[in-house]
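Dropping final22.pdb in here (PDB, C-alpha atoms):
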```
ATOM      1  CA  MET O   5      45.305  14.377  56.802
ATOM      2  CA  LEU O   6      42.560  16.897  56.158
ATOM      3  CA  VAL O   7      40.935  17.829  59.483
ATOM      4  CA  LEU O   8      37.724  19.792  60.020
ATOM      5  CA  PHE O   9      37.120  21.685  63.274
ATOM      6  CA  ASP O  10      33.449  22.152  64.114
ATOM      7  CA  GLN O  11      32.098  25.381  65.612
ATOM      8  CA  ALA O  12      33.126  24.746  69.211
ATOM      9  CA  THR O  13      36.533  23.128  68.693
ATOM     10  CA  PRO O  14      39.148  25.312  70.400
ATOM     11  CA  LEU O  15      41.356  26.886  67.743
ATOM     12  CA  PRO O  16      44.492  26.962  69.953
ATOM     13  CA  ILE O  17      44.798  23.207  69.433
ATOM     14  CA  ARG O  18      45.607  23.800  65.760
ATOM     15  CA  PRO O  19      49.429  24.200  66.132
ATOM     16  CA  TYR O  20      49.608  20.865  67.955
ATOM     17  CA  LEU O  21      48.359  19.010  64.888
ATOM     18  CA  LEU O  22      51.569  19.349  62.901
ATOM     19  CA  GLY O  23      51.595  17.828  59.447
ATOM     20  CA  HIS O  24      47.836  18.050  59.024
ATOM     21  CA  GLU O  25      45.760  20.507  57.031
ATOM     22  CA  ILE O  26      43.239  22.130  59.356
ATOM     23  CA  ARG O  27      40.082  23.894  58.217
ATOM     24  CA  THR O  28      37.129  25.139  60.236
ATOM     25  CA  ALA O  29      33.435  24.847  59.518
ATOM     26  CA  VAL O  30      33.358  28.647  59.293
ATOM     27  CA  GLN O  31      36.181  28.726  56.729
ATOM     28  CA  GLU O  32      34.248  26.229  54.624
ATOM     29  CA  GLY O  33      31.016  28.237  54.931
ATOM     30  CA  TRP O  34      29.348  25.409  56.858
ATOM     31  CA  GLU O  35      28.691  27.187  60.154
ATOM     32  CA  THR O  36      24.906  26.777  59.832
ATOM     33  CA  LEU O  37      24.946  23.086  58.931
ATOM     34  CA  LYS O  38      23.614  20.634  61.472
ATOM     35  CA  ASN O  39      25.511  17.441  62.370
ATOM     36  CA  GLY O  40      24.262  15.173  59.580
ATOM     37  CA  GLU O  41      24.608  17.894  56.964
ATOM     38  CA  LEU O  42      28.059  18.832  58.261
ATOM     39  CA  LEU O  43      29.255  15.231  58.146
ATOM     40  CA  ALA O  44      27.937  14.788  54.598
ATOM     41  CA  ALA O  45      29.547  18.034  53.408
ATOM     42  CA  ALA O  46      32.860  17.147  55.056
ATOM     43  CA  GLU O  47      32.898  13.699  53.486
ATOM     44  CA  ALA O  48      32.012  15.095  50.056
ATOM     45  CA  ALA O  49      34.863  17.621  50.381
ATOM     46  CA  GLY O  50      37.369  14.882  51.213
ATOM     47  CA  PHE O  51      37.908  15.536  54.916
ATOM     48  CA  ASP O  52      39.447  12.631  56.807
ATOM     49  CA  LEU O  53      38.572  13.700  60.357
ATOM     50  CA  LEU O  54      36.020  15.836  62.179
ATOM     51  CA  LEU O  55      37.258  17.229  65.486
ATOM     52  CA  THR O  56      34.250  18.132  67.613
ATOM     53  CA  THR O  57      33.162  18.806  71.171
ATOM     54  CA  ASP O  58      29.622  17.541  70.522
ATOM     55  CA  LYS O  59      29.297  14.657  72.948
ATOM     56  CA  ASN O  60      25.882  13.729  71.551
ATOM     57  CA  ILE O  61      26.873  13.284  67.901
ATOM     58  CA  ARG O  62      27.129   9.497  68.270
ATOM     59  CA  TYR O  63      23.572   9.356  69.619
ATOM     60  CA  GLN O  64      22.094  11.819  67.123
ATOM     61  CA  GLN O  65      23.631  10.326  63.977
ATOM     62  CA  ASP O  66      23.984   6.869  62.471
ATOM     63  CA  LEU O  67      27.761   6.778  62.092
ATOM     64  CA  SER O  68      28.011   3.178  60.869
ATOM     65  CA  GLU O  69      28.164   4.151  57.180
ATOM     66  CA  ARG O  70      30.339   7.255  57.576
ATOM     67  CA  LYS O  71      33.751   7.381  55.941
ATOM     68  CA  ILE O  72      34.991  10.323  58.010
ATOM     69  CA  ALA O  73      36.609   9.665  61.386
ATOM     70  CA  ILE O  74      35.236  11.605  64.337
ATOM     71  CA  VAL O  75      37.147  12.621  67.453
ATOM     72  CA  ASP O  76      35.049  14.021  70.281
ATOM     73  CA  LEU O  77      37.072  16.217  72.635
ATOM     74  CA  SER O  78      36.107  16.030  76.283
ATOM     75  CA  GLN O  79      36.346  19.809  76.726
ATOM     76  CA  GLN O  80      35.701  22.848  74.580
ATOM     77  CA  GLN O  81      37.365  25.355  76.912
ATOM     78  CA  TRP O  82      41.034  25.661  75.912
ATOM     79  CA  PRO O  83      42.344  26.317  79.464
ATOM     80  CA  ARG O  84      40.843  23.008  80.617
ATOM     81  CA  LEU O  85      41.963  21.101  77.527
ATOM     82  CA  ARG O  86      45.498  22.529  77.317
ATOM     83  CA  PRO O  87      47.075  20.350  80.065
ATOM     84  CA  HIS O  88      46.083  17.247  78.064
ATOM     85  CA  VAL O  89      47.718  18.332  74.790
ATOM     86  CA  LEU O  90      51.230  17.100  74.070
ATOM     87  CA  PRO O  91      53.803  19.753  73.135
ATOM     88  CA  GLY O  92      54.047  20.277  69.369
TER      89      GLY O  92
END
```
Could you write out this structure as structure tokens?
Amino acid sequence: MLVLFDQATPLPIRPYLLGHEIRTAVQEGWETLKNGELLAAAEAAGFDLLLTTDKNIRYQQDLSERKIAIVDLSQQQWPRLRPHVLPG
């Protein structure tokens, strides 16, 4: 699975997603794209999943026609998120 981390997704979660190809918005050169533009670019590039900490994305975007899956993490601070991550 090709996974895109948005700007605020904690990078330490990366090793826990074994078997998946992880890229960041920065690596793709998309750090200035807003939500709708980022989703469109990710879909066009073949990403399967956007991992984000943007709790408002579902209210700001019409997601009904999107092909990309979106997972919204409850925390963006790694120390607070870490206890909820299963060992890799």
Please identify all polymer residues lying at most 6 Å from the point (37.8, 14.7, 68.6) (file coordinates), using all atoms listed in the file, and present the result as a PyMOL selection string.
-> chain O and resi 55-56+74-77
Report as CSV: every residue of range 41-88 of chain O with an atom at most 12 Å from range 13-27 of chain O, its closest pair of atoms, and their distance in Å to one decimal, counting only C-alpha atoms, with rows sorted by chain and ascending residue number.
```
residue,atom,partner,partner_atom,distance
O:Ala46,CA,O:Arg27,CA,10.4
O:Ala49,CA,O:Arg27,CA,11.3
O:Gly50,CA,O:Glu25,CA,11.7
O:Phe51,CA,O:Arg27,CA,9.2
O:Asp52,CA,O:Glu25,CA,10.1
O:Leu53,CA,O:Ile26,CA,9.7
O:Leu54,CA,O:Thr13,CA,9.8
O:Leu55,CA,O:Thr13,CA,6.8
O:Thr56,CA,O:Thr13,CA,5.6
O:Thr57,CA,O:Thr13,CA,6.0
O:Asp58,CA,O:Thr13,CA,9.1
O:Lys59,CA,O:Thr13,CA,11.9
O:Val75,CA,O:Thr13,CA,10.6
O:Asp76,CA,O:Thr13,CA,9.4
O:Leu77,CA,O:Thr13,CA,8.0
O:Ser78,CA,O:Thr13,CA,10.4
O:Gln79,CA,O:Thr13,CA,8.7
O:Gln80,CA,O:Pro14,CA,6.0
O:Gln81,CA,O:Pro14,CA,6.8
O:Trp82,CA,O:Pro14,CA,5.8
O:Pro83,CA,O:Pro14,CA,9.7
O:Arg84,CA,O:Pro14,CA,10.6
O:Leu85,CA,O:Pro14,CA,8.7
O:Arg86,CA,O:Ile17,CA,7.9
O:Pro87,CA,O:Ile17,CA,11.2
O:His88,CA,O:Ile17,CA,10.6
```
Computed gap from CA of Asp10 in chain O to CA of Ala29 in chain O is 5.3 Å
I'd like the box whose edges run along x, y and z of the file and which contains every listed atom of range 33-51 of chain O, padded by 8 Å per side; could you state its centre and edge lengths in Å, one decimal, as JSON?
```
{"center_x": 30.8, "center_y": 21.0, "center_z": 56.2, "size_x": 30.3, "size_y": 30.5, "size_z": 28.3}
```
Between CA of Val89 in chain O and CA of Asp66 in chain O, what is the spacing in Å?
->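 Atom-to-atom, CA of Asp66 in chain O and CA of Val89 in chain O are spaced 29.1 Å apart.
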- prompt: For Gln65 in chain O, which residue out of O:Val30, O:Ala12, O:Ala48, O:Leu43 is the nearest one, using all atoms listed in the file?
  reply: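 Between O:Val30, O:Ala12, O:Ala48, O:Leu43, the residue approaching Gln65 in chain O most closely is O:Leu43.
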CA of Glu35 in chain O to CA of Glu69 in chain O measures 23.2 Å
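Distances from O:Glu47, O:Asn60, O:Gln11, O:Arg70 to Trp34 in chain O were compared using only C-alpha atoms, and the smallest one belongs to O:Gln11.
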Hey, could you patch up range 61-86 of chain O with N, CA and C atoms and hand it over as a short mmCIF file (atom, residue, chain, number, x, y, z; two decimals), in the frame of the given file?
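Writing the result to selection.cif gives the following:
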```cif
data_model
loop_
_atom_site.label_atom_id
_atom_site.label_comp_id
_atom_site.auth_asym_id
_atom_site.auth_seq_id
_atom_site.Cartn_x
_atom_site.Cartn_y
_atom_site.Cartn_z
N ILE O 61 26.89 13.60 69.33
CA ILE O 61 26.87 13.28 67.90
C ILE O 61 26.67 11.79 67.65
N ARG O 62 27.26 10.95 68.47
CA ARG O 62 27.13 9.50 68.27
C ARG O 62 25.71 9.01 68.53
N TYR O 63 24.94 9.75 69.33
CA TYR O 63 23.57 9.36 69.62
C TYR O 63 22.59 9.98 68.64
N GLN O 64 22.98 11.10 68.03
CA GLN O 64 22.09 11.82 67.12
C GLN O 64 22.24 11.37 65.67
N GLN O 65 23.35 10.71 65.36
CA GLN O 65 23.63 10.33 63.98
C GLN O 65 23.93 8.83 63.89
N ASP O 66 23.57 8.24 62.76
CA ASP O 66 23.98 6.87 62.47
C ASP O 66 25.36 6.98 61.83
N LEU O 67 26.38 6.62 62.56
CA LEU O 67 27.76 6.78 62.09
C LEU O 67 28.31 5.51 61.43
N SER O 68 27.52 4.46 61.37
CA SER O 68 28.01 3.18 60.87
C SER O 68 28.43 3.22 59.40
N GLU O 69 27.84 4.08 58.61
CA GLU O 69 28.16 4.15 57.18
C GLU O 69 29.06 5.33 56.83
N ARG O 70 29.50 6.07 57.82
CA ARG O 70 30.34 7.26 57.58
C ARG O 70 31.76 6.85 57.24
N LYS O 71 32.35 7.60 56.32
CA LYS O 71 33.75 7.38 55.94
C LYS O 71 34.70 8.27 56.73
N ILE O 72 34.18 9.37 57.26
CA ILE O 72 34.99 10.32 58.01
C ILE O 72 35.17 9.82 59.45
N ALA O 73 36.37 9.98 59.98
CA ALA O 73 36.61 9.66 61.39
C ALA O 73 36.16 10.84 62.24
N ILE O 74 35.72 10.55 63.44
CA ILE O 74 35.24 11.60 64.34
C ILE O 74 35.96 11.47 65.67
N VAL O 75 36.53 12.57 66.13
CA VAL O 75 37.15 12.62 67.45
C VAL O 75 36.36 13.64 68.27
N ASP O 76 35.84 13.18 69.39
CA ASP O 76 35.05 14.02 70.28
C ASP O 76 35.93 14.43 71.46
N LEU O 77 36.27 15.70 71.52
CA LEU O 77 37.07 16.22 72.64
C LEU O 77 36.22 16.28 73.90
N SER O 78 36.84 16.03 75.02
CA SER O 78 36.11 16.03 76.28
C SER O 78 35.79 17.44 76.78
N GLN O 79 36.53 18.42 76.29
CA GLN O 79 36.35 19.81 76.73
C GLN O 79 36.32 20.74 75.53
N GLN O 80 35.61 21.84 75.63
CA GLN O 80 35.70 22.85 74.58
C GLN O 80 36.40 24.11 75.08
N GLN O 81 36.64 24.21 76.38
CA GLN O 81 37.36 25.36 76.91
C GLN O 81 38.86 25.05 76.85
N TRP O 82 39.60 25.88 76.10
CA TRP O 82 41.03 25.66 75.91
C TRP O 82 41.81 25.57 77.23
N PRO O 83 41.57 26.43 78.21
CA PRO O 83 42.34 26.32 79.46
C PRO O 83 42.19 24.95 80.14
N ARG O 84 41.06 24.33 80.01
CA ARG O 84 40.84 23.01 80.62
C ARG O 84 41.41 21.88 79.76
N LEU O 85 41.45 22.10 78.45
CA LEU O 85 41.96 21.10 77.53
C LEU O 85 43.49 21.13 77.41
N ARG O 86 44.07 22.31 77.54
CA ARG O 86 45.50 22.53 77.32
C ARG O 86 46.42 21.57 78.09
#
```
